[in-house]
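Trainee: File name structure_24.cif; file contents mmCIF, C-alpha atoms; full text below.
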data_entry
#
loop_
_atom_site.group_PDB
_atom_site.id
_atom_site.type_symbol
_atom_site.label_atom_id
_atom_site.label_comp_id
_atom_site.auth_asym_id
_atom_site.auth_seq_id
_atom_site.Cartn_x
_atom_site.Cartn_y
_atom_site.Cartn_z
ATOM 1 C CA MET A 1 -15.449 10.022 12.368
ATOM 2 C CA LYS A 2 -12.186 10.725 10.640
ATOM 3 C CA ARG A 3 -11.636 13.597 8.261
ATOM 4 C CA ALA A 4 -8.449 13.767 6.241
ATOM 5 C CA MET A 5 -7.087 16.649 4.217
ATOM 6 C CA THR A 6 -4.176 17.284 1.910
ATOM 7 C CA LEU A 7 -2.312 20.561 2.315
ATOM 8 C CA ALA A 8 -0.799 22.487 -0.572
ATOM 9 C CA VAL A 9 2.689 22.232 0.876
ATOM 10 C CA PRO A 10 6.138 20.960 -0.033
ATOM 11 C CA ALA A 11 6.473 17.185 -0.266
ATOM 12 C CA GLY A 12 6.619 15.399 3.060
ATOM 13 C CA ALA A 13 4.563 17.891 5.052
ATOM 14 C CA LEU A 14 1.374 15.983 5.554
ATOM 15 C CA LEU A 15 -1.011 16.469 8.447
ATOM 16 C CA ALA A 16 -4.473 15.083 9.096
ATOM 17 C CA GLY A 17 -7.417 16.302 11.124
ATOM 18 C CA LEU A 18 -9.333 13.875 13.240
ATOM 19 C CA PHE A 19 -12.532 13.610 15.242
ATOM 20 C CA ILE A 20 -12.754 10.682 17.648
ATOM 21 C CA ALA A 21 -16.107 9.356 18.763
ATOM 22 C CA GLY A 22 -16.739 9.880 22.455
ATOM 23 C CA SER A 23 -14.170 12.675 22.864
ATOM 24 C CA ALA A 24 -13.922 16.378 22.205
ATOM 25 C CA SER A 25 -12.980 17.304 18.679
ATOM 26 C CA ALA A 26 -9.256 17.806 18.308
ATOM 27 C CA TYR A 27 -6.499 18.121 15.773
ATOM 28 C CA GLU A 28 -4.218 15.216 15.045
ATOM 29 C CA PHE A 29 -0.497 15.988 15.181
ATOM 30 C CA LYS A 30 2.122 13.558 13.948
ATOM 31 C CA LEU A 31 4.727 12.639 16.578
ATOM 32 C CA GLN A 32 7.848 14.144 15.060
ATOM 33 C CA PHE A 33 11.007 12.035 14.921
ATOM 34 C CA GLY A 34 13.930 12.268 12.511
ATOM 35 C CA LEU A 35 14.939 8.949 10.986
ATOM 36 C CA PRO A 36 18.012 8.011 8.938
ATOM 37 C CA SER A 37 17.464 6.987 5.322
ATOM 38 C CA ASN A 38 18.336 3.358 6.099
ATOM 39 C CA ALA A 39 15.839 3.040 8.956
ATOM 40 C CA ARG A 40 13.727 -0.105 9.020
ATOM 41 C CA ALA A 41 11.099 -1.592 11.351
ATOM 42 C CA VAL A 42 10.170 1.878 12.592
ATOM 43 C CA ARG A 43 7.984 1.953 15.699
ATOM 44 C CA ILE A 44 6.736 5.447 16.563
ATOM 45 C CA ALA A 45 3.717 5.462 18.873
ATOM 46 C CA GLY A 46 2.168 7.438 21.712
ATOM 47 C CA PHE A 47 1.475 5.182 24.706
ATOM 48 C CA ALA A 48 0.611 7.436 27.661
ATOM 49 C CA PHE A 49 0.089 10.983 28.964
ATOM 50 C CA ALA A 50 2.112 12.370 31.863
ATOM 51 C CA SER A 51 2.569 15.959 33.065
ATOM 52 C CA GLY A 52 1.160 17.418 29.875
ATOM 53 C CA LYS A 53 3.416 15.320 27.668
ATOM 54 C CA VAL A 54 3.080 12.222 25.506
ATOM 55 C CA ALA A 55 5.326 9.243 26.259
ATOM 56 C CA GLY A 56 5.847 6.372 23.876
ATOM 57 C CA ASP A 57 7.980 4.300 21.555
ATOM 58 C CA CYS A 58 10.534 5.702 19.087
ATOM 59 C CA SER A 59 12.500 2.572 18.192
ATOM 60 C CA PHE A 60 13.865 1.518 14.821
ATOM 61 C CA ASP A 61 16.538 -0.581 13.111
ATOM 62 C CA THR A 62 19.149 0.369 10.568
ATOM 63 C CA VAL A 63 20.544 -1.899 7.883
ATOM 64 C CA THR A 64 23.999 -1.325 6.419
ATOM 65 C CA SER A 65 25.905 -3.274 3.785
ATOM 66 C CA GLY A 66 29.359 -4.682 4.253
ATOM 67 C CA SER A 67 32.313 -3.136 2.463
ATOM 68 C CA GLY A 68 34.863 -4.589 0.096
ATOM 69 C CA ARG A 69 34.491 -8.323 -0.218
ATOM 70 C CA ASP A 70 31.977 -8.569 2.612
ATOM 71 C CA PRO A 71 28.573 -9.302 0.971
ATOM 72 C CA ARG A 72 26.668 -9.353 4.235
ATOM 73 C CA SER A 73 24.315 -6.708 5.612
ATOM 74 C CA TYR A 74 24.273 -5.686 9.239
ATOM 75 C CA THR A 75 21.279 -4.683 11.359
ATOM 76 C CA THR A 76 21.599 -2.312 14.305
ATOM 77 C CA HIS A 77 18.694 -2.029 16.752
ATOM 78 C CA TYR A 78 17.799 1.269 18.421
ATOM 79 C CA TYR A 79 15.479 0.512 21.340
ATOM 80 C CA GLN A 80 14.257 3.883 22.592
ATOM 81 C CA LYS A 81 11.504 5.744 24.395
ATOM 82 C CA CYS A 82 10.555 9.336 23.673
ATOM 83 C CA THR A 83 8.429 12.166 24.998
ATOM 84 C CA TRP A 84 6.636 14.776 22.901
ATOM 85 C CA ASP A 85 4.562 17.846 23.667
ATOM 86 C CA LEU A 86 0.853 17.927 22.875
ATOM 87 C CA LYS A 87 1.565 19.244 19.375
ATOM 88 C CA GLY A 88 3.877 16.375 18.472
ATOM 89 C CA ASN A 89 7.209 18.154 18.943
ATOM 90 C CA LEU A 90 9.982 15.848 20.159
ATOM 91 C CA LEU A 91 11.192 16.641 23.691
ATOM 92 C CA SER A 92 13.460 13.769 24.761
ATOM 93 C CA VAL A 93 14.962 10.441 23.683
ATOM 94 C CA LEU A 94 16.104 7.807 26.193
ATOM 95 C CA PRO A 95 17.344 4.223 25.802
ATOM 96 C CA GLY A 96 14.978 1.315 26.376
ATOM 97 C CA GLU A 97 11.920 0.429 24.319
ATOM 98 C CA PRO A 98 8.699 0.634 26.354
ATOM 99 C CA PRO A 99 6.179 -2.202 26.111
ATOM 100 C CA ALA A 100 3.037 -1.382 24.168
ATOM 101 C CA PRO A 101 -0.073 -1.204 26.359
ATOM 102 C CA ALA A 102 -3.303 -2.895 25.374
ATOM 103 C CA PRO A 103 -5.024 -0.608 22.821
ATOM 104 C CA ILE A 104 -8.191 1.207 23.813
ATOM 105 C CA SER A 105 -9.456 0.809 20.257
ATOM 106 C CA SER A 106 -8.153 -0.053 16.806
ATOM 107 C CA VAL A 107 -10.183 0.747 13.691
ATOM 108 C CA GLY A 108 -9.107 1.260 10.075
ATOM 109 C CA GLY A 109 -5.420 1.903 10.716
ATOM 110 C CA LEU A 110 -6.083 4.091 13.759
ATOM 111 C CA THR A 111 -4.968 2.588 17.072
ATOM 112 C CA ILE A 112 -5.547 4.513 20.302
ATOM 113 C CA TYR A 113 -3.363 3.589 23.271
ATOM 114 C CA ALA A 114 -3.995 6.549 25.588
ATOM 115 C CA ASN A 115 -6.826 8.905 26.527
ATOM 116 C CA ASP A 116 -6.336 11.586 29.184
ATOM 117 C CA GLY A 117 -10.073 12.237 29.576
ATOM 118 C CA LYS A 118 -9.644 15.866 28.444
ATOM 119 C CA GLY A 119 -10.041 15.300 24.720
ATOM 120 C CA ASP A 120 -6.461 14.205 24.132
ATOM 121 C CA THR A 121 -5.672 10.794 22.681
ATOM 122 C CA ALA A 122 -2.462 9.184 21.412
ATOM 123 C CA GLY A 123 -1.436 6.116 19.473
ATOM 124 C CA THR A 124 -0.601 5.277 15.871
ATOM 125 C CA ASP A 125 -2.332 6.211 12.638
ATOM 126 C CA THR A 126 -1.470 4.993 9.151
ATOM 127 C CA ALA A 127 -2.930 8.260 7.795
ATOM 128 C CA VAL A 128 0.041 10.191 9.219
ATOM 129 C CA GLY A 129 2.488 7.317 8.854
ATOM 130 C CA GLY A 130 3.341 6.814 12.508
ATOM 131 C CA GLY A 131 2.486 7.991 15.979
ATOM 132 C CA PHE A 132 0.065 10.806 16.741
ATOM 133 C CA VAL A 133 -1.332 12.950 19.507
ATOM 134 C CA ASN A 134 -4.844 14.281 19.159
ATOM 135 C CA HIS A 135 -5.133 17.657 20.876
ATOM 136 C CA PRO A 136 -7.551 20.615 20.590
ATOM 137 C CA SER A 137 -5.690 23.319 18.689
ATOM 138 C CA ALA A 138 -5.811 26.043 16.121
ATOM 139 C CA GLN A 139 -4.217 24.829 12.901
ATOM 140 C CA TYR A 140 -3.955 26.434 9.488
ATOM 141 C CA SER A 141 -3.434 25.236 5.945
ATOM 142 C CA TRP A 142 -2.957 27.237 2.761
ATOM 143 C CA LEU A 143 -5.941 27.230 0.416
ATOM 144 C CA THR A 144 -3.827 28.999 -2.198
ATOM 145 C CA PRO A 145 -1.741 26.234 -3.811
ATOM 146 C CA GLY A 146 1.979 26.577 -3.162
ATOM 147 C CA GLY A 147 4.924 25.437 -5.230
ATOM 148 C CA GLY A 148 3.748 27.361 -8.301
ATOM 149 C CA TYR A 149 5.490 29.547 -10.881
ATOM 150 C CA VAL A 150 4.913 33.181 -11.841
ATOM 151 C CA PHE A 151 6.488 35.065 -14.796
ATOM 152 C CA ARG A 152 6.728 38.872 -14.839
ATOM 153 C CA SER A 153 7.771 40.710 -18.011
ATOM 154 C CA ASP A 154 8.960 43.836 -16.179
ATOM 155 C CA GLN A 155 10.212 45.068 -12.805
ATOM 156 C CA ALA A 156 6.956 46.651 -11.691
ATOM 157 C CA LYS A 157 5.599 45.886 -8.229
ATOM 158 C CA PHE A 158 2.730 43.427 -8.027
ATOM 159 C CA ASP A 159 0.546 41.956 -5.298
ATOM 160 C CA ILE A 160 0.194 38.304 -4.326
ATOM 161 C CA SER A 161 -3.077 37.395 -2.609
ATOM 162 C CA LEU A 162 -2.976 34.298 -0.391
ATOM 163 C CA ILE A 163 -5.746 32.554 1.508
ATOM 164 C CA LEU A 164 -5.310 30.301 4.528
ATOM 165 C CA GLN A 165 -7.920 28.425 6.551
ATOM 166 C CA ASN A 166 -8.198 27.477 10.208
ATOM 167 C CA VAL A 167 -8.638 23.705 9.966
ATOM 168 C CA GLY A 168 -8.278 23.212 13.724
ATOM 169 C CA ASP A 169 -10.692 23.420 16.623
ATOM 170 C CA LEU A 170 -9.763 26.683 18.377
ATOM 171 C CA PRO A 171 -9.621 30.287 17.101
ATOM 172 C CA LEU A 172 -6.446 30.979 15.099
ATOM 173 C CA ALA A 173 -4.600 34.036 16.419
ATOM 174 C CA ILE A 174 -2.009 35.290 13.932
ATOM 175 C CA ASN A 175 0.755 37.507 15.320
ATOM 176 C CA LYS A 176 2.444 38.282 12.005
ATOM 177 C CA PHE A 177 3.160 37.205 8.442
ATOM 178 C CA THR A 178 6.812 37.059 7.368
ATOM 179 C CA PRO A 179 7.428 37.196 3.602
ATOM 180 C CA THR A 180 10.970 36.523 2.375
ATOM 181 C CA SER A 181 12.642 36.558 -1.015
ATOM 182 C CA SER A 182 16.058 35.678 -2.384
ATOM 183 C CA TYR A 183 16.400 38.966 -4.320
ATOM 184 C CA ALA A 184 13.364 41.247 -4.223
ATOM 185 C CA LYS A 185 11.726 43.227 -1.449
ATOM 186 C CA MET A 186 8.504 41.804 -0.016
ATOM 187 C CA THR A 187 6.096 43.507 2.376
ATOM 188 C CA VAL A 188 2.699 42.773 3.887
ATOM 189 C CA LYS A 189 0.175 45.091 2.268
ATOM 190 C CA SER A 190 -2.924 43.958 4.150
ATOM 191 C CA ALA A 191 -4.471 41.052 6.063
ATOM 192 C CA THR A 192 -8.008 40.285 7.169
ATOM 193 C CA CYS A 193 -6.806 38.549 10.345
ATOM 194 C CA SER A 194 -4.566 39.345 13.293
ATOM 195 C CA LYS A 195 -4.060 38.479 16.943
ATOM 196 C CA LEU A 196 -6.933 40.839 17.737
ATOM 197 C CA ALA A 197 -9.087 39.417 14.930
ATOM 198 C CA PRO A 198 -8.646 35.635 15.182
ATOM 199 C CA VAL A 199 -9.938 33.227 12.565
ATOM 200 C CA ALA A 200 -12.745 30.981 13.792
ATOM 201 C CA PRO A 201 -12.516 27.219 13.164
ATOM 202 C CA GLY A 202 -13.348 26.648 9.498
ATOM 203 C CA GLY A 203 -12.880 30.337 8.714
ATOM 204 C CA THR A 204 -10.424 31.856 6.253
ATOM 205 C CA CYS A 205 -8.008 34.756 6.177
ATOM 206 C CA THR A 206 -6.564 36.644 3.206
ATOM 207 C CA VAL A 207 -3.125 38.245 3.260
ATOM 208 C CA VAL A 208 -1.859 40.433 0.405
ATOM 209 C CA ILE A 209 1.908 40.505 -0.124
ATOM 210 C CA THR A 210 3.592 43.144 -2.301
ATOM 211 C CA TYR A 211 6.517 41.862 -4.356
ATOM 212 C CA ASP A 212 8.953 44.583 -5.461
ATOM 213 C CA PRO A 213 11.659 43.376 -7.897
ATOM 214 C CA SER A 214 13.097 46.835 -8.578
ATOM 215 C CA ALA A 215 16.092 46.091 -6.337
ATOM 216 C CA VAL A 216 17.181 43.077 -8.397
ATOM 217 C CA PRO A 217 20.492 44.132 -9.980
ATOM 218 C CA GLY A 218 20.701 44.571 -13.737
ATOM 219 C CA GLY A 219 23.343 43.266 -16.104
ATOM 220 C CA ASP A 220 25.045 44.006 -19.405
ATOM 221 C CA ASN A 221 22.188 42.341 -21.271
ATOM 222 C CA PRO A 222 18.548 41.677 -20.496
ATOM 223 C CA TYR A 223 18.054 38.521 -18.472
ATOM 224 C CA THR A 224 15.512 36.862 -16.243
ATOM 225 C CA ALA A 225 16.066 36.362 -12.521
ATOM 226 C CA TYR A 226 14.614 33.315 -10.812
ATOM 227 C CA ASP A 227 13.495 34.216 -7.317
ATOM 228 C CA HIS A 228 12.231 31.912 -4.594
ATOM 229 C CA ILE A 229 9.715 33.440 -2.215
ATOM 230 C CA SER A 230 8.079 32.181 0.961
ATOM 231 C CA VAL A 231 5.572 33.425 3.499
ATOM 232 C CA GLY A 232 5.721 32.258 7.103
ATOM 233 C CA VAL A 233 3.069 32.668 9.775
ATOM 234 C CA THR A 234 3.644 33.283 13.473
ATOM 235 C CA SER A 235 0.531 32.124 15.319
ATOM 236 C CA ASN A 236 -0.892 29.808 17.958
ATOM 237 C CA SER A 237 -1.058 27.029 15.363
ATOM 238 C CA GLY A 238 0.893 23.830 15.662
ATOM 239 C CA PHE A 239 3.395 22.791 12.999
ATOM 240 C CA ALA A 240 2.408 24.314 9.677
ATOM 241 C CA PRO A 241 4.247 24.935 6.424
ATOM 242 C CA LEU A 242 5.512 28.062 4.717
ATOM 243 C CA PHE A 243 3.822 29.173 1.536
ATOM 244 C CA SER A 244 6.376 28.953 -1.273
ATOM 245 C CA GLU A 245 6.508 29.925 -4.938
ATOM 246 C CA THR A 246 8.992 30.667 -7.732
ATOM 247 C CA VAL A 247 8.955 34.012 -9.531
ATOM 248 C CA GLU A 248 10.777 34.687 -12.830
ATOM 249 C CA VAL A 249 11.364 38.398 -13.421
ATOM 250 C CA TYR A 250 12.584 40.068 -16.631
ATOM 251 C CA ILE A 251 15.515 42.357 -15.778
ATOM 252 C CA ALA A 252 16.470 45.128 -18.217
ATOM 253 C CA PRO A 253 20.110 46.165 -18.751
ATOM 254 C CA GLY A 254 21.346 48.259 -15.848
ATOM 255 C CA GLY A 255 18.426 47.202 -13.609
#
Could you show the structure in this file as C-alpha cells?

Mentor:
Amino acid sequence: MKRAMTLAVPAGALLAGLFIAGSASAYEFKLQFGLPSNARAVRIAGFAFASGKVAGDCSFDTVTSGSGRDPRSYTTHYYQKCTWDLKGNLLSVLPGEPPAPAPISSVGGLTIYANDGKGDTAGTDTAVGGGFVNHPSAQYSWLTPGGGYVFRSDQAKFDISLILQNVGDLPLAINKFTPTSSYAKMTVKSATCSKLAPVAPGGTCTVVITYDPSAVPGGDNPYTAYDHISVGVTSNSGFAPLFSETVEVYIAPGG
C-alpha cells in the first residue's frame, strides 16, 4: 500500500513515503542526480543492490540549438551508470548505460527492479519523478508550513514555535537545531526532542526559536528590514529540508 505526503518545503523538495506489500515498511528516497535544464529522455532507476549500495541507470540526452544561420538542433547522449547510498545520495557516475533487468513488479507507476530481502527495494516511481530506493529510516517533515511571512511592528524579541513529525519507520534522533538569520540573532529556547529523547515513528516534536531583532542596525529614518530565516536539523534522518520564513521588522531611527 502506498502512502504519499506533501511536505511544507521550498519548491522542488518532494519526498514520498512508501509501504510495499511483502516487505518491511520503509521510507522511499529519491535517487538524487543533478540534470542540466536541457536534459531530455531522462532514465534514472535503481537496478540492483551491492555492498550496501544501489546501482542503476543515470542516462539522459541533451538537446541544443544551432547558432547563427544553423536552424538545426543537436542531441548529445549521456549513457551512464551510477551508484547511490541507501538514502538516495549519489556516490559515483561511470560511462556505459546498464541494461534494465526484468522488473519484479510494476503497479501504478511504481516499478521494482531489485529487492535485497532485508526490506530494501529499488526501481522507479512516478510519484518521486525518477528512481528510488526504499529503505527503513527515520525521516522528518515540518508540520508548521514554511515559506510564510511575519510582520513585527517593533524590535522586541519574539518566539517562533515549530512542529516537525517523524514520517519514517525508525526513531528520529535529533542532535541539534540550527537557526540562522540574515540580520537578527536567533537561538533555540526549548525543544521536546533530542538525541536522548528520540521521536517515535508518527510522533511529533516542538522546537521554540527566539528571534531577536535588536541587533538590526537603525537608520536616519524609520524603515522596515526584510529578514530571511531558516532552521536546520542535524539528525539521523535522510534528506530533509530547512524550515524557512520571511520576517519584516520595523526599525526605529538609530536602531

Trainee: Step by step, work through what the PyMOL selection byres ((chain A and resi 100) around 8) selects in the shown file, and finish by giving those residues as a PyMOL selection string.

Mentor: chain A and resi 47+57+98-99+101-102

Trainee: Convert the current residue selection to file output with C-alpha atoms, as an mmCIF file, keeping the file's coordinate frame.

Mentor:
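Saved as out28.cif:
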data_model
loop_
_atom_site.group_PDB
_atom_site.id
_atom_site.type_symbol
_atom_site.label_atom_id
_atom_site.label_comp_id
_atom_site.auth_asym_id
_atom_site.auth_seq_id
_atom_site.Cartn_x
_atom_site.Cartn_y
_atom_site.Cartn_z
ATOM 1 C CA PHE A 47 1.475 5.182 24.706
ATOM 2 C CA ASP A 57 7.980 4.300 21.555
ATOM 3 C CA PRO A 98 8.699 0.634 26.354
ATOM 4 C CA PRO A 99 6.179 -2.202 26.111
ATOM 5 C CA PRO A 101 -0.073 -1.204 26.359
ATOM 6 C CA ALA A 102 -3.303 -2.895 25.374
#

Trainee: Within 10 Å of (-13.2, 31.6, 14.4), in the coordinates the file gives, what residues turn up when you count all atoms listed in the file, written out as number ranges by chain?

Mentor: A: 138, 165-166, 168-173, 197-204

Trainee: Name every residue that the PyMOL selection byres ((chain A and resi 36) around 10) selects in this structure, writing the answer as JSON, numbers by chain with chains first and numbers rising.

Mentor: {"A": [34, 35, 37, 38, 39, 40, 60, 61, 62]}

Trainee: Write to file, as a PDB file, in the frame of the given file, the residues of the selection just made, with C-alpha atoms.

Mentor:
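This is the output file selection-v2.pdb:
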ATOM      1  CA  GLY A  34      13.930  12.268  12.511  1.00  0.00           C
ATOM      2  CA  LEU A  35      14.939   8.949  10.986  1.00  0.00           C
ATOM      3  CA  SER A  37      17.464   6.987   5.322  1.00  0.00           C
ATOM      4  CA  ASN A  38      18.336   3.358   6.099  1.00  0.00           C
ATOM      5  CA  ALA A  39      15.839   3.040   8.956  1.00  0.00           C
ATOM      6  CA  ARG A  40      13.727  -0.105   9.020  1.00  0.00           C
ATOM      7  CA  PHE A  60      13.865   1.518  14.821  1.00  0.00           C
ATOM      8  CA  ASP A  61      16.538  -0.581  13.111  1.00  0.00           C
ATOM      9  CA  THR A  62      19.149   0.369  10.568  1.00  0.00           C
TER      10      THR A  62
END

Trainee: Can you tell me which residues surround Thr124 of chain A at a distance of at most 7 Å, considering only C-alpha atoms, apart from same-chain residues fewer than 6 positions away, and format the answer as a PDB file with C-alpha atoms, keeping the file's coordinate frame?

Mentor:
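Result file follows (out15.pdb):
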ATOM      1  CA  ALA A  45       3.717   5.462  18.873  1.00  0.00           C
ATOM      2  CA  GLY A  46       2.168   7.438  21.712  1.00  0.00           C
ATOM      3  CA  LEU A 110      -6.083   4.091  13.759  1.00  0.00           C
ATOM      4  CA  THR A 111      -4.968   2.588  17.072  1.00  0.00           C
ATOM      5  CA  ILE A 112      -5.547   4.513  20.302  1.00  0.00           C
ATOM      6  CA  GLY A 130       3.341   6.814  12.508  1.00  0.00           C
ATOM      7  CA  GLY A 131       2.486   7.991  15.979  1.00  0.00           C
ATOM      8  CA  PHE A 132       0.065  10.806  16.741  1.00  0.00           C
TER       9      PHE A 132
END

Trainee: With all atoms listed in the file as the counted atoms, please give the residues lying no more than 12 Å from Gly238 of chain A, apart from itself and same-chain residues fewer than 2 positions off, as a VMD selection string.

Mentor: chain A and resid 15 27 to 32 85 to 89 133 to 141 166 to 170 172 to 174 233 to 236 240 to 241

Trainee: Name the closest residue to Tyr183 of chain A among the candidates A:Leu162, A:Val249, A:Thr126, A:Phe151; distances are taken between atoms, counting all atoms listed in the file.

Mentor: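 With all atoms listed in the file as the atom set, the closest residue is A:Val249.
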
Trainee: Give me the result of the PyMOL selection byres ((chain A and resi 229) around 6) on this file, residue by residue, as a list in words.

Mentor: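 Evaluating the PyMOL selection byres ((chain A and resi 229) around 6) on this file yields Thr180, Ser181, His228, Ser230, Ser244 and Glu245 of chain A.
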
Trainee: Which of these residues is nearest to Ser51 of chain A, using all atoms listed in the file: A:His77, A:Gly147, A:Thr83, A:Thr178?

Mentor: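 Selected residue with least distance to Ser51 of chain A: A:Thr83.
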
Trainee: So which residues touch Val188 of chain A within 10 Å, counting only C-alpha atoms, skipping near sequence neighbours fewer than 2 positions away, as a PyMOL selection string?

Mentor: chain A and resi 159-160+176-179+186+190-191+207-211+231

Trainee: To one decimal place, how far is atom CA of Gly146 of chain A from atom CA of Ile163 of chain A in Å?

Mentor: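 That distance, rounded to one decimal, is 10.8 Å.
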
Trainee: Quick one: pull the distance between atom CA of Asn115 of chain A and atom CA of Phe49 of chain A, Å, one decimal.

Mentor: 7.6 Å

Trainee: Can you work out the spacing between atom CA of Tyr113 of chain A and atom CA of Tyr78 of chain A in Å, to one decimal?

Mentor: 21.8 Å

Trainee: Point out the residue among A:Asn175, A:Thr144, A:Gln155, A:Thr121 with the least atom-to-atom distance to Ser237 of chain A, counting only C-alpha atoms.

Mentor: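 Using only C-alpha atoms, the shortest distance to Ser237 of chain A belongs to A:Asn175.
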
Trainee: Smallest atom-to-atom distance to Trp142 of chain A: which of A:Ala114, A:Cys58, A:Arg69, A:Leu164, using all atoms listed in the file?

Mentor: A:Leu164
